[in-house]
>>> print(open('work.cif').read())   # mmCIF, C-alpha atoms
data_protein
loop_
_atom_site.group_PDB
_atom_site.id
_atom_site.type_symbol
_atom_site.label_atom_id
_atom_site.label_comp_id
_atom_site.auth_asym_id
_atom_site.auth_seq_id
_atom_site.Cartn_x
_atom_site.Cartn_y
_atom_site.Cartn_z
ATOM 1 C CA MET E 1 96.561 113.968 112.100
ATOM 2 C CA ILE E 2 99.141 115.338 109.675
ATOM 3 C CA GLN E 3 100.119 118.969 110.202
ATOM 4 C CA ARG E 4 101.969 121.179 107.720
ATOM 5 C CA ILE E 5 104.871 123.558 108.267
ATOM 6 C CA PRO E 6 104.785 126.212 105.519
ATOM 7 C CA PRO E 7 107.987 126.857 103.543
ATOM 8 C CA ARG E 8 110.696 128.775 105.440
ATOM 9 C CA SER E 9 108.950 128.606 108.826
ATOM 10 C CA GLY E 10 109.064 126.548 112.020
ATOM 11 C CA VAL E 11 107.054 125.216 114.958
ATOM 12 C CA ALA E 12 107.539 123.783 118.437
ATOM 13 C CA VAL E 13 105.744 120.590 119.473
ATOM 14 C CA ARG E 14 105.481 118.870 122.855
ATOM 15 C CA LEU E 15 106.354 115.192 122.648
ATOM 16 C CA PRO E 16 105.740 113.086 125.762
ATOM 17 C CA GLU E 17 107.877 110.028 126.470
ATOM 18 C CA GLY E 18 106.788 107.146 124.253
ATOM 19 C CA ALA E 19 105.154 109.351 121.627
ATOM 20 C CA LEU E 20 105.998 108.931 117.960
ATOM 21 C CA LEU E 21 106.981 111.861 115.740
ATOM 22 C CA THR E 22 106.826 111.327 111.981
ATOM 23 C CA VAL E 23 108.412 113.927 109.705
ATOM 24 C CA ILE E 24 107.403 113.723 106.037
ATOM 25 C CA ASP E 25 108.749 115.380 102.898
ATOM 26 C CA PRO E 26 105.434 115.724 101.030
ATOM 27 C CA GLU E 27 106.815 117.083 97.742
ATOM 28 C CA GLY E 28 110.417 115.832 97.833
ATOM 29 C CA SER E 29 113.752 117.695 98.006
ATOM 30 C CA GLN E 30 113.027 119.638 101.212
ATOM 31 C CA VAL E 31 115.093 119.710 104.416
ATOM 32 C CA SER E 32 113.700 120.013 107.951
ATOM 33 C CA ASP E 33 115.931 121.150 110.819
ATOM 34 C CA MET E 34 115.014 119.479 114.121
ATOM 35 C CA LEU E 35 116.032 120.238 117.698
ATOM 36 C CA ALA E 36 115.001 118.302 120.794
ATOM 37 C CA VAL E 37 114.971 119.878 124.249
ATOM 38 C CA SER E 38 114.097 118.265 127.569
ATOM 39 C CA ALA E 39 110.634 119.426 128.616
ATOM 40 C CA ALA E 40 111.849 119.404 132.224
ATOM 41 C CA ASP E 41 114.984 121.505 131.692
ATOM 42 C CA PRO E 42 115.829 123.545 128.565
ATOM 43 C CA GLY E 43 119.495 123.233 129.491
ATOM 44 C CA GLU E 44 119.361 119.646 128.255
ATOM 45 C CA ILE E 45 119.391 119.752 124.477
ATOM 46 C CA LEU E 46 120.237 117.585 121.475
ATOM 47 C CA SER E 47 123.968 117.030 120.925
ATOM 48 C CA ASN E 48 125.559 115.959 117.661
ATOM 49 C CA GLY E 49 128.893 115.300 119.403
ATOM 50 C CA ARG E 50 127.419 112.975 122.023
ATOM 51 C CA THR E 51 125.334 111.248 119.343
ATOM 52 C CA PHE E 52 128.296 110.605 117.023
ATOM 53 C CA ASP E 53 130.376 109.435 119.982
ATOM 54 C CA TYR E 54 127.877 106.954 121.403
ATOM 55 C CA GLU E 55 126.395 105.727 118.117
ATOM 56 C CA GLU E 56 129.874 105.461 116.532
ATOM 57 C CA THR E 57 128.644 106.525 113.105
ATOM 58 C CA LEU E 58 127.912 109.602 111.024
ATOM 59 C CA ARG E 59 125.069 107.788 109.248
ATOM 60 C CA LEU E 60 122.058 107.967 111.539
ATOM 61 C CA THR E 61 119.099 105.914 110.371
ATOM 62 C CA THR E 62 116.706 103.225 111.650
ATOM 63 C CA GLY E 63 117.822 101.966 115.054
ATOM 64 C CA ALA E 64 120.075 104.932 115.836
ATOM 65 C CA ARG E 65 119.533 106.994 118.965
ATOM 66 C CA LEU E 66 119.924 110.759 119.298
ATOM 67 C CA TRP E 67 121.597 111.831 122.552
ATOM 68 C CA SER E 68 121.503 114.936 124.726
ATOM 69 C CA ASN E 69 124.392 117.058 125.967
ATOM 70 C CA ARG E 70 123.929 115.203 129.288
ATOM 71 C CA SER E 71 124.481 111.792 127.706
ATOM 72 C CA ARG E 72 120.858 110.673 127.839
ATOM 73 C CA VAL E 73 118.908 109.235 124.914
ATOM 74 C CA MET E 74 116.298 111.695 123.674
ATOM 75 C CA LEU E 75 114.962 110.005 120.533
ATOM 76 C CA THR E 76 115.228 106.675 118.720
ATOM 77 C CA ILE E 77 114.802 106.463 114.948
ATOM 78 C CA ILE E 78 112.329 103.635 114.410
ATOM 79 C CA GLU E 79 111.649 104.073 110.662
ATOM 80 C CA ASP E 80 113.507 105.875 107.903
ATOM 81 C CA THR E 81 112.808 105.819 104.165
ATOM 82 C CA ALA E 82 115.069 108.755 103.260
ATOM 83 C CA PRO E 83 118.500 108.284 101.679
ATOM 84 C CA HIS E 84 120.357 110.573 104.106
ATOM 85 C CA HIS E 85 120.297 113.135 106.913
ATOM 86 C CA ASP E 86 122.916 115.558 108.245
ATOM 87 C CA PHE E 87 124.015 116.226 111.818
ATOM 88 C CA LEU E 88 127.156 118.263 111.075
ATOM 89 C CA LEU E 89 125.898 121.690 110.057
ATOM 90 C CA THR E 90 124.353 124.492 112.055
ATOM 91 C CA PRO E 91 120.880 125.883 111.270
ATOM 92 C CA CYS E 92 120.920 128.540 108.540
ATOM 93 C CA SER E 93 120.670 132.139 109.782
ATOM 94 C CA TYR E 94 121.063 135.767 108.721
ATOM 95 C CA ASP E 95 124.809 135.181 108.879
ATOM 96 C CA THR E 96 124.532 132.086 106.693
ATOM 97 C CA PHE E 97 122.754 134.156 104.048
ATOM 98 C CA ARG E 98 125.373 136.921 104.240
ATOM 99 C CA HIS E 99 128.164 134.352 103.876
ATOM 100 C CA PHE E 100 126.798 131.986 101.211
ATOM 101 C CA TYR E 101 124.095 133.995 99.416
ATOM 102 C CA PRO E 102 125.260 137.637 99.309
ATOM 103 C CA ASP E 103 123.155 138.256 96.184
ATOM 104 C CA LYS E 104 119.940 136.941 97.810
ATOM 105 C CA PRO E 105 117.579 138.652 100.276
ATOM 106 C CA LEU E 106 118.482 138.077 103.908
ATOM 107 C CA HIS E 107 116.356 135.579 105.813
ATOM 108 C CA ARG E 108 116.456 134.608 109.488
ATOM 109 C CA GLY E 109 116.538 130.981 108.381
ATOM 110 C CA CYS E 110 116.041 127.896 110.493
ATOM 111 C CA PHE E 111 118.029 129.428 113.351
ATOM 112 C CA GLY E 112 115.608 132.326 113.648
ATOM 113 C CA ASN E 113 112.581 130.089 113.196
ATOM 114 C CA LEU E 114 113.809 127.656 115.862
ATOM 115 C CA ALA E 115 114.687 130.506 118.226
ATOM 116 C CA GLU E 116 111.200 131.974 117.940
ATOM 117 C CA ALA E 117 109.426 128.613 118.277
ATOM 118 C CA LEU E 118 111.504 127.461 121.265
ATOM 119 C CA ALA E 119 111.702 130.764 123.166
ATOM 120 C CA PRO E 120 108.446 130.100 125.089
ATOM 121 C CA HIS E 121 110.038 126.848 126.295
ATOM 122 C CA GLY E 122 113.079 128.537 127.823
ATOM 123 C CA VAL E 123 115.585 128.063 124.985
ATOM 124 C CA GLU E 124 117.875 131.049 124.448
ATOM 125 C CA PRO E 125 119.247 131.678 120.933
ATOM 126 C CA ASP E 126 122.852 131.240 122.105
ATOM 127 C CA HIS E 127 121.997 127.737 123.343
ATOM 128 C CA ILE E 128 120.822 126.462 119.935
ATOM 129 C CA PRO E 129 123.355 123.851 118.740
ATOM 130 C CA ALA E 130 123.746 122.041 115.429
ATOM 131 C CA ALA E 131 120.357 120.692 114.401
ATOM 132 C CA PHE E 132 119.534 117.211 113.157
ATOM 133 C CA ASN E 133 118.971 118.192 109.522
ATOM 134 C CA ILE E 134 116.348 115.750 108.319
ATOM 135 C CA PHE E 135 116.594 114.813 104.615
ATOM 136 C CA MET E 136 119.696 117.028 104.115
ATOM 137 C CA ASN E 137 122.336 115.790 101.661
ATOM 138 C CA VAL E 138 125.817 116.714 102.921
ATOM 139 C CA THR E 139 128.833 114.901 101.513
ATOM 140 C CA VAL E 140 132.399 114.741 102.827
ATOM 141 C CA ASP E 141 135.136 113.965 100.321
ATOM 142 C CA ALA E 142 138.415 112.176 100.999
ATOM 143 C CA ASP E 143 140.111 115.480 101.872
ATOM 144 C CA GLY E 144 137.370 116.402 104.349
ATOM 145 C CA LYS E 145 135.746 119.002 102.095
ATOM 146 C CA LEU E 146 132.012 119.430 102.758
ATOM 147 C CA ALA E 147 129.402 119.906 100.042
ATOM 148 C CA VAL E 148 125.709 120.682 100.467
ATOM 149 C CA LEU E 149 123.817 119.010 97.625
ATOM 150 C CA PRO E 150 120.090 118.941 96.806
ATOM 151 C CA PRO E 151 118.137 116.386 98.850
ATOM 152 C CA GLN E 152 117.486 113.071 97.136
ATOM 153 C CA THR E 153 114.153 112.520 98.875
ATOM 154 C CA GLN E 154 111.054 111.622 96.913
ATOM 155 C CA PRO E 155 107.531 112.804 97.763
ATOM 156 C CA GLY E 156 106.356 110.919 100.842
ATOM 157 C CA ASP E 157 109.770 109.971 102.215
ATOM 158 C CA LEU E 158 109.707 110.039 106.005
ATOM 159 C CA ILE E 159 111.554 109.502 109.242
ATOM 160 C CA ARG E 160 109.836 108.367 112.460
ATOM 161 C CA PHE E 161 111.181 108.922 115.975
ATOM 162 C CA ARG E 162 110.153 107.604 119.396
ATOM 163 C CA ALA E 163 110.573 110.021 122.292
ATOM 164 C CA GLU E 164 112.652 108.494 125.096
ATOM 165 C CA MET E 165 111.858 111.331 127.522
ATOM 166 C CA ASP E 166 109.377 114.219 127.668
ATOM 167 C CA LEU E 167 110.544 116.622 124.985
ATOM 168 C CA VAL E 168 109.880 119.857 123.193
ATOM 169 C CA ILE E 169 110.715 119.507 119.513
ATOM 170 C CA GLY E 170 111.605 122.423 117.250
ATOM 171 C CA LEU E 171 110.944 121.626 113.591
ATOM 172 C CA THR E 172 111.343 123.716 110.431
ATOM 173 C CA ALA E 173 110.867 123.727 106.695
ATOM 174 C CA CYS E 174 114.412 124.841 105.854
ATOM 175 C CA SER E 175 115.088 128.242 104.327
ATOM 176 C CA ALA E 176 118.533 127.828 102.702
ATOM 177 C CA TYR E 177 118.847 127.683 98.919
ATOM 178 C CA ALA E 178 121.584 125.038 98.629
ATOM 179 C CA SER E 179 119.991 122.742 101.201
ATOM 180 C CA ASN E 180 116.763 122.499 99.191
ATOM 181 C CA GLY E 181 117.998 122.543 95.609
ATOM 182 C CA GLY E 182 117.137 126.229 95.169
ATOM 183 C CA SER E 183 113.434 126.134 96.016
ATOM 184 C CA PHE E 184 111.342 125.950 99.166
ATOM 185 C CA ARG E 185 108.585 123.484 100.018
ATOM 186 C CA PRO E 186 106.535 122.531 103.071
ATOM 187 C CA ILE E 187 107.255 119.830 105.639
ATOM 188 C CA ASP E 188 104.525 117.633 107.120
ATOM 189 C CA PHE E 189 104.583 115.977 110.528
ATOM 190 C CA SER E 190 102.365 113.966 112.832
ATOM 191 C CA VAL E 191 102.448 113.014 116.507
ATOM 192 C CA GLU E 192 101.082 109.728 117.831
ATOM 193 C CA LEU E 193 100.645 109.767 121.594
ATOM 194 C CA PRO E 194 101.510 106.670 123.659
ATOM 195 C CA GLY E 195 98.789 104.343 124.878
#
>>> encode(input="work.cif", output="structure tokens")
Amino acid sequence: MIQRIPPRSGVAVRLPEGALLTVIDPEGSQVSDMLAVSAADPGEILSNGRTFDYEETLRLTTGARLWSNRSRVMLTIIEDTAPHHDFLLTPCSYDTFRHFYPDKPLHRGCFGNLAEALAPHGVEPDHIPAAFNIFMNVTVDADGKLAVLPPQTQPGDLIRFRAEMDLVIGLTACSAYASNGGSFRPIDFSVELPG
């Protein structure tokens, strides 16, 4: 069953080992920040540094694994129709809005939405790392300069993960203007249980 995350909000989902999580951009041009946390111990959480180290690439797509801060595989990407994802940047927050959008209303962003969704599962705000930013279009030029560009996803683009341990997943419909081309749309997801 497909579930919908309204624009600028987030959810937490339990994902047992072997389950499949599919994240869908139903309207196109919308980012979803994702965090994975061990269901057994919230101190074990998704790590971009470990993932880049062990996968030896910045381009994470079909076949890539996402690793925890304890060097264990949390998720494997088993299908990916999107042109890109980001694993460099932190979830947007009140501070992000103050820094990049001083003329816009403040919003707690994906950081606040993830913090609220994951709090019942033992995740403290200070423990939230860089998220896996699904569908996000971040470029790095030859001088190392970063740019956040509008997503190039089309309606229906998706990414599908297999859980490699029992997890709690935090998932958002991103709240930052630049990340989503200036507008905000929903994110759909589904969970297929093993067996």
>>> resolve_selection(input="work.cif", expression="the PyMOL selection byres ((chain E and resi 28) around 12)", output="PyMOL selection string")
chain E and resi 24-27+29-32+82-83+135-136+150-158+173+180-181+183-188
>>> closest_residue(input="work.cif", among="E:Arg65, E:His85, E:Arg50, E:Arg4", to="Val138 of chain E", atoms="all atoms listed in the file")
E:His85
>>> closest_residue(input="work.cif", among="E:Ala117, E:Gly109, E:Ile2, E:Gly195", to="Leu171 of chain E", atoms="all atoms listed in the file")
E:Ala117
>>> resolve_selection(input="work.cif", expression="the PyMOL selection byres ((chain E and resi 125) around 9)", output="JSON, numbers by chain")
{"E": [111, 112, 114, 115, 116, 118, 119, 123, 124, 126, 127, 128]}
>>> residues_near_point(input="work.cif", point="(107.6, 115.2, 123.4)", cutoff="12 Å", atoms="only C-alpha atoms", output="ChimeraX atom specification")
/E:12-21,35-40,74-75,161-170,190-194
>>> write_last_selection(input="work.cif", atoms="C-alpha atoms", output="PDB file, keeping the file's coordinate frame")
ATOM      1  CA  ALA E  12     107.539 123.783 118.437  1.00  0.00           C
ATOM      2  CA  VAL E  13     105.744 120.590 119.473  1.00  0.00           C
ATOM      3  CA  ARG E  14     105.481 118.870 122.855  1.00  0.00           C
ATOM      4  CA  LEU E  15     106.354 115.192 122.648  1.00  0.00           C
ATOM      5  CA  PRO E  16     105.740 113.086 125.762  1.00  0.00           C
ATOM      6  CA  GLU E  17     107.877 110.028 126.470  1.00  0.00           C
ATOM      7  CA  GLY E  18     106.788 107.146 124.253  1.00  0.00           C
ATOM      8  CA  ALA E  19     105.154 109.351 121.627  1.00  0.00           C
ATOM      9  CA  LEU E  20     105.998 108.931 117.960  1.00  0.00           C
ATOM     10  CA  LEU E  21     106.981 111.861 115.740  1.00  0.00           C
ATOM     11  CA  LEU E  35     116.032 120.238 117.698  1.00  0.00           C
ATOM     12  CA  ALA E  36     115.001 118.302 120.794  1.00  0.00           C
ATOM     13  CA  VAL E  37     114.971 119.878 124.249  1.00  0.00           C
ATOM     14  CA  SER E  38     114.097 118.265 127.569  1.00  0.00           C
ATOM     15  CA  ALA E  39     110.634 119.426 128.616  1.00  0.00           C
ATOM     16  CA  ALA E  40     111.849 119.404 132.224  1.00  0.00           C
ATOM     17  CA  MET E  74     116.298 111.695 123.674  1.00  0.00           C
ATOM     18  CA  LEU E  75     114.962 110.005 120.533  1.00  0.00           C
ATOM     19  CA  PHE E 161     111.181 108.922 115.975  1.00  0.00           C
ATOM     20  CA  ARG E 162     110.153 107.604 119.396  1.00  0.00           C
ATOM     21  CA  ALA E 163     110.573 110.021 122.292  1.00  0.00           C
ATOM     22  CA  GLU E 164     112.652 108.494 125.096  1.00  0.00           C
ATOM     23  CA  MET E 165     111.858 111.331 127.522  1.00  0.00           C
ATOM     24  CA  ASP E 166     109.377 114.219 127.668  1.00  0.00           C
ATOM     25  CA  LEU E 167     110.544 116.622 124.985  1.00  0.00           C
ATOM     26  CA  VAL E 168     109.880 119.857 123.193  1.00  0.00           C
ATOM     27  CA  ILE E 169     110.715 119.507 119.513  1.00  0.00           C
ATOM     28  CA  GLY E 170     111.605 122.423 117.250  1.00  0.00           C
ATOM     29  CA  SER E 190     102.365 113.966 112.832  1.00  0.00           C
ATOM     30  CA  VAL E 191     102.448 113.014 116.507  1.00  0.00           C
ATOM     31  CA  GLU E 192     101.082 109.728 117.831  1.00  0.00           C
ATOM     32  CA  LEU E 193     100.645 109.767 121.594  1.00  0.00           C
ATOM     33  CA  PRO E 194     101.510 106.670 123.659  1.00  0.00           C
TER      34      PRO E 194
END
>>> resolve_selection(input="work.cif", expression="the PyMOL selection byres ((chain E and resi 106) around 9)", output="number ranges by chain")
E: 93-98, 101-102, 104-105, 107-109
>>> closest_residue(input="work.cif", among="E:Ile5, E:Leu149, E:Leu60, E:Ile45", to="Cys174 of chain E", atoms="all atoms listed in the file")
E:Ile5
>>> residues_near_point(input="work.cif", point="(130.1, 123.8, 99.2)", cutoff="12 Å", atoms="all atoms listed in the file", output="ChimeraX atom specification")
/E:89,99-101,137-141,144-150,177-179
>>> decode(input="work.cif", residues="segment 75-116 of chain E", atoms="N, CA and C atoms", output="compact mmCIF listing (two decimals), in the first residue's frame")
# COMPACT_ATOMS: atom_id res chain seq x y z
N LEU E 75 21.24 -0.80 4.51
CA LEU E 75 20.33 -0.86 3.37
C LEU E 75 21.12 -1.13 2.10
N THR E 76 20.47 -1.83 1.16
CA THR E 76 21.01 -2.00 -0.19
C THR E 76 20.03 -1.40 -1.18
N ILE E 77 20.53 -0.60 -2.11
CA ILE E 77 19.68 -0.03 -3.16
C ILE E 77 19.49 -1.11 -4.22
N ILE E 78 18.26 -1.54 -4.42
CA ILE E 78 18.02 -2.63 -5.38
C ILE E 78 17.36 -2.15 -6.67
N GLU E 79 16.84 -0.91 -6.67
CA GLU E 79 16.28 -0.32 -7.90
C GLU E 79 16.33 1.18 -7.76
N ASP E 80 16.63 1.86 -8.87
CA ASP E 80 16.78 3.31 -8.82
C ASP E 80 16.52 3.88 -10.21
N THR E 81 15.44 4.64 -10.37
CA THR E 81 15.16 5.26 -11.66
C THR E 81 15.48 6.75 -11.67
N ALA E 82 15.93 7.29 -10.56
CA ALA E 82 16.20 8.72 -10.45
C ALA E 82 17.59 9.06 -10.98
N PRO E 83 17.78 10.29 -11.47
CA PRO E 83 19.08 10.65 -12.02
C PRO E 83 20.16 10.89 -10.99
N HIS E 84 19.80 11.19 -9.73
CA HIS E 84 20.81 11.50 -8.73
C HIS E 84 20.22 11.53 -7.33
N HIS E 85 21.12 11.42 -6.35
CA HIS E 85 20.80 11.58 -4.93
C HIS E 85 22.00 12.26 -4.29
N ASP E 86 21.81 12.81 -3.09
CA ASP E 86 22.91 13.47 -2.38
C ASP E 86 23.11 12.82 -1.02
N PHE E 87 24.39 12.70 -0.62
CA PHE E 87 24.69 12.21 0.72
C PHE E 87 25.75 13.08 1.37
N LEU E 88 25.85 14.34 0.90
CA LEU E 88 26.83 15.28 1.44
C LEU E 88 26.23 16.24 2.46
N LEU E 89 25.02 16.68 2.22
CA LEU E 89 24.46 17.81 2.96
C LEU E 89 23.57 17.39 4.11
N THR E 90 23.57 18.22 5.13
CA THR E 90 22.79 17.99 6.34
C THR E 90 21.32 18.32 6.10
N PRO E 91 20.41 17.75 6.88
CA PRO E 91 18.99 18.11 6.73
C PRO E 91 18.77 19.60 7.00
N CYS E 92 17.89 20.22 6.22
CA CYS E 92 17.58 21.64 6.42
C CYS E 92 16.93 21.82 7.80
N SER E 93 17.12 23.04 8.37
CA SER E 93 16.69 23.32 9.73
C SER E 93 16.36 24.80 9.86
N TYR E 94 15.95 25.21 11.07
CA TYR E 94 15.77 26.65 11.31
C TYR E 94 17.03 27.43 10.92
N ASP E 95 18.19 26.87 11.28
CA ASP E 95 19.44 27.57 10.97
C ASP E 95 19.70 27.64 9.48
N THR E 96 19.34 26.59 8.75
CA THR E 96 19.45 26.61 7.30
C THR E 96 18.64 27.76 6.72
N PHE E 97 17.41 27.91 7.22
CA PHE E 97 16.54 28.98 6.70
C PHE E 97 17.10 30.36 7.05
N ARG E 98 17.64 30.51 8.25
CA ARG E 98 18.26 31.80 8.61
C ARG E 98 19.44 32.11 7.70
N HIS E 99 20.23 31.09 7.38
CA HIS E 99 21.44 31.28 6.59
C HIS E 99 21.16 31.53 5.11
N PHE E 100 20.32 30.66 4.51
CA PHE E 100 20.13 30.71 3.06
C PHE E 100 18.88 31.48 2.62
N TYR E 101 17.88 31.56 3.47
CA TYR E 101 16.60 32.17 3.08
C TYR E 101 16.18 33.23 4.10
N PRO E 102 16.99 34.26 4.33
CA PRO E 102 16.65 35.23 5.38
C PRO E 102 15.37 36.02 5.09
N ASP E 103 14.93 36.03 3.84
CA ASP E 103 13.71 36.75 3.47
C ASP E 103 12.47 35.86 3.49
N LYS E 104 12.65 34.58 3.88
CA LYS E 104 11.53 33.62 3.90
C LYS E 104 11.14 33.31 5.35
N PRO E 105 9.91 32.85 5.56
CA PRO E 105 9.53 32.44 6.93
C PRO E 105 10.39 31.27 7.40
N LEU E 106 10.71 31.29 8.70
CA LEU E 106 11.48 30.19 9.26
C LEU E 106 10.66 28.91 9.25
N HIS E 107 11.35 27.79 9.06
CA HIS E 107 10.70 26.48 9.10
C HIS E 107 11.67 25.51 9.77
N ARG E 108 11.15 24.58 10.53
CA ARG E 108 12.04 23.62 11.22
C ARG E 108 12.70 22.66 10.26
N GLY E 109 12.18 22.55 9.05
CA GLY E 109 12.81 21.78 8.00
C GLY E 109 12.86 20.28 8.26
N CYS E 110 13.65 19.60 7.45
CA CYS E 110 13.76 18.15 7.57
C CYS E 110 14.40 17.75 8.90
N PHE E 111 15.31 18.57 9.40
CA PHE E 111 15.93 18.26 10.69
C PHE E 111 14.87 18.18 11.77
N GLY E 112 14.03 19.19 11.86
CA GLY E 112 12.98 19.19 12.87
C GLY E 112 11.97 18.08 12.65
N ASN E 113 11.63 17.82 11.40
CA ASN E 113 10.68 16.74 11.12
C ASN E 113 11.26 15.37 11.45
N LEU E 114 12.54 15.16 11.14
CA LEU E 114 13.18 13.89 11.49
C LEU E 114 13.32 13.76 13.01
N ALA E 115 13.69 14.85 13.68
CA ALA E 115 13.84 14.80 15.13
C ALA E 115 12.53 14.41 15.80
N GLU E 116 11.43 15.00 15.36
CA GLU E 116 10.14 14.68 15.95
C GLU E 116 9.74 13.23 15.66
